[in-house]
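What follows is a set of notes on a single structure, which appears directly below.
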Amino acid sequence: MQVVVRDNNVDQALRALKKKLQREGVYREMKMRRFYEKPSEKKAREQAAAVRRARKLERKRMERDGIMSHNR
């Protein structure tokens with residue numbers, strides 16, 4: 001990853017670098033790698049994330065189509 005420093009403005013370049021790292025998910029990855037995660041835990045976490053994404057997508061689709069579901 002690379003950021004160009006213009007006019008010796010290191011602060012601006014640093015902000016740009018941090019924004020790029022955030023967008024790429026580097027901070028999240030570092031946080032996850034701080035401690036060992038068992039493969040079964042990783043699988044469960046990823047599966048739960050997939051379920052959340054699917055439910056969110058379905059909610060968005062229902063909202064877009066005008067079908068409001070308030071019961072959970």
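Each chain in the structure tokens gets a letter, A, B, ..., in the order shown, and its residues are numbered from 1; ligands are numbered from 1 in order too.
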
(request) Check the DSSP output for the backbone and give back, as a PyMOL selection string, the residues of chain A in helix (DSSP H, G or I). (result) chain A and resi 10-24+26-33+39-65

(request) Write out as a ChimeraX atom specification each polymer residue whose atoms come within 12 Å of segment 1-14 of chain A, counting only C-alpha atoms; drop sequence neighbours fewer than 6 positions from it. (result) /A:20-21,23-24,26

Output of the above residues as a compact mmCIF listing (two decimals), in the first residue's frame, restricted to N, CA and C atoms:
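For reference, again.txt as written:
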# COMPACT_ATOMS: atom_id res chain seq x y z
N LYS A 20 -7.17 4.25 4.03
CA LYS A 20 -6.98 3.10 3.14
C LYS A 20 -6.91 1.80 3.93
N LEU A 21 -6.15 1.82 5.04
CA LEU A 21 -6.03 0.63 5.88
C LEU A 21 -7.39 0.22 6.44
N ARG A 23 -10.34 0.87 5.12
CA ARG A 23 -11.17 0.38 4.02
C ARG A 23 -10.80 -1.05 3.64
N GLU A 24 -9.50 -1.37 3.72
CA GLU A 24 -9.04 -2.71 3.36
C GLU A 24 -9.29 -3.73 4.46
N VAL A 26 -7.60 -3.91 7.38
CA VAL A 26 -6.34 -4.30 8.02
C VAL A 26 -6.45 -4.24 9.54

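Here atom CA of Arg15 of chain A is placed at a distance of 23.7 Å from atom CA of Arg33 of chain A.
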
(message) One number please: atom CA of Gln47 of chain A to atom CA of Arg59 of chain A, in Å, one decimal.
(response) 18.4 Å
